[in-house]
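Since the structure comes first, as structure tokens, the remarks are kept for the end.
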Amino acid sequence: MADVDMAGEVNGAGHSWAAKSVEGWIVIVTGLNEEATEEDLQDLFGDFGEVKNLSMALNRRTGYVMGYALIEFGEKEQAEKAITETDGTTFLEKTIKTDFAFSKAPAGTRSRAPASGPRRSGRDREASPGRR
């Protein structure tokens with residue numbers, strides 16, 4: 001089955017659905033070897049541009065990587081190149097998957113849910129059961 005992204009493009013032909021975080025473009029890396037280090041990831045992803053931030057979740061009990069990391073790039077082109085060139089590759093004896101961490105909301109949706117109706121003052125509603 002072909003990889004189809006949210007915009008309907010096949011095999012990563014474009015990432016028009018990707019959304020920027022507050023400060024940059026976040027790439028999620030999954031399938032990491034539990035013994036991977038931040039330095040290992042910095043070496044791999046630093047070839048595609050400046051890594052502004054790198055975050056790896058560690059298991060509190062074992063201290064090993066939980067299998068994923070978030071890597072932030074300043075430019076979308078850097079993040080796209082990193083994704084294109086590393087997705088499905090072998091890194092520290094495991095196959096990793098890379099993609100953008102955030103996506104845009106589907107067309108026609110609002111970014112924030114509206115209030116559930118008009119605001120009412122407290123006087124036009126029923127009293128709580130203990131106050132009747």
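Here, A, B, ... name the chains of the structure tokens in the order displayed, residue numbers run from 1 inside each chain, and ligands are numbered from 1 in the same displayed order.
The shell of residues at most 12 Å from Ala69 of chain A, with only C-alpha atoms counted and near chain neighbours (fewer than 4 positions) removed, consists of Ile26, Val27, Ile28, Val29, Thr30, Gly31, Leu32, Asn33, Glu34, Ala36, Thr37, Glu38, Asp40, Leu41, Gln42, Phe45, Asn53, Leu54, Ser55, Met56, Ala57, Leu58, Val65, Ile96, Lys97, Thr98, Asp99, Phe100 and Ala101 of chain A.
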Prev. selection, N, CA and C atoms, output as a compact mmCIF listing (two decimals), in the first residue's frame:
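Dumped to out.txt:
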```txt
# COMPACT_ATOMS: atom_id res chain seq x y z
N ILE A 26 8.94 20.84 13.57
CA ILE A 26 9.26 19.69 14.41
C ILE A 26 9.13 18.40 13.62
N VAL A 27 10.20 17.59 13.68
CA VAL A 27 10.22 16.28 13.04
C VAL A 27 10.15 15.24 14.15
N ILE A 28 9.25 14.26 14.01
CA ILE A 28 9.18 13.17 14.98
C ILE A 28 9.90 11.97 14.38
N VAL A 29 10.75 11.37 15.18
CA VAL A 29 11.53 10.20 14.77
C VAL A 29 11.05 9.05 15.65
N THR A 30 10.58 7.97 15.04
CA THR A 30 10.11 6.81 15.80
C THR A 30 10.94 5.59 15.42
N GLY A 31 10.89 4.58 16.29
CA GLY A 31 11.63 3.35 16.04
C GLY A 31 13.09 3.43 16.46
N LEU A 32 13.41 4.38 17.35
CA LEU A 32 14.80 4.55 17.77
C LEU A 32 15.29 3.39 18.63
N ASN A 33 16.55 3.08 18.49
CA ASN A 33 17.21 2.10 19.32
C ASN A 33 17.21 2.64 20.75
N GLU A 34 16.96 1.78 21.74
CA GLU A 34 16.87 2.24 23.12
C GLU A 34 18.19 2.79 23.67
N ALA A 36 20.18 4.81 21.82
CA ALA A 36 20.53 6.01 21.07
C ALA A 36 20.74 7.18 22.03
N THR A 37 21.63 8.09 21.64
CA THR A 37 21.89 9.27 22.47
C THR A 37 21.53 10.53 21.69
N GLU A 38 21.43 11.65 22.40
CA GLU A 38 21.17 12.93 21.74
C GLU A 38 22.30 13.24 20.76
N ASP A 40 24.07 11.11 19.03
CA ASP A 40 23.86 10.30 17.83
C ASP A 40 22.86 10.99 16.89
N LEU A 41 21.76 11.46 17.46
CA LEU A 41 20.73 12.13 16.65
C LEU A 41 21.24 13.47 16.12
N GLN A 42 21.98 14.19 16.92
CA GLN A 42 22.55 15.47 16.49
C GLN A 42 23.47 15.25 15.29
N PHE A 45 21.05 14.25 12.17
CA PHE A 45 20.17 15.30 11.66
C PHE A 45 20.86 16.65 11.48
N ASN A 53 16.48 22.37 18.52
CA ASN A 53 16.10 21.71 19.76
C ASN A 53 15.97 20.23 19.49
N LEU A 54 16.32 19.42 20.48
CA LEU A 54 16.22 17.98 20.34
C LEU A 54 15.72 17.43 21.67
N SER A 55 14.67 16.64 21.63
CA SER A 55 14.08 16.11 22.85
C SER A 55 13.84 14.61 22.70
N MET A 56 14.39 13.85 23.65
CA MET A 56 14.20 12.40 23.66
C MET A 56 13.55 12.00 24.98
N ALA A 57 12.49 11.23 24.90
CA ALA A 57 11.84 10.73 26.11
C ALA A 57 12.60 9.52 26.63
N LEU A 58 12.90 9.54 27.93
CA LEU A 58 13.61 8.42 28.55
C LEU A 58 12.70 7.70 29.53
N VAL A 65 16.06 5.16 26.08
CA VAL A 65 15.16 5.91 25.21
C VAL A 65 13.87 5.13 25.02
N ILE A 96 14.19 3.46 11.26
CA ILE A 96 13.49 4.60 11.84
C ILE A 96 12.49 5.16 10.85
N LYS A 97 11.45 5.78 11.38
CA LYS A 97 10.45 6.48 10.59
C LYS A 97 10.51 7.95 11.00
N THR A 98 10.44 8.84 10.01
CA THR A 98 10.46 10.27 10.31
C THR A 98 9.31 10.95 9.58
N ASP A 99 8.73 11.97 10.22
CA ASP A 99 7.65 12.74 9.62
C ASP A 99 7.48 14.02 10.42
N PHE A 100 6.68 14.94 9.90
CA PHE A 100 6.37 16.15 10.64
C PHE A 100 5.51 15.78 11.84
N ALA A 101 5.77 16.43 12.96
CA ALA A 101 5.03 16.12 14.19
C ALA A 101 3.66 16.79 14.23
```
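Using only C-alpha atoms, the shortest contact distance between Gly63 of chain A and any of A:Glu75, A:Glu35, A:Asp43, A:Glu93 is found at A:Glu35.
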>> One number please: atom CA of Asp87 of chain A to atom CA of Lys52 of chain A, in Å, one decimal.
In response: 19.9 Å
>> Write out as a PyMOL selection string the set of residues from segment 13-119 of chain A that DSSP, computed on the backbone, places in strand (DSSP E).
In response: chain A and resi 25-30+51-58+65-73+90-91+94-95+97-100
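Across the model, the gap from atom CA of Gly67 of chain A to atom CA of Pro106 of chain A is 28.7 Å.
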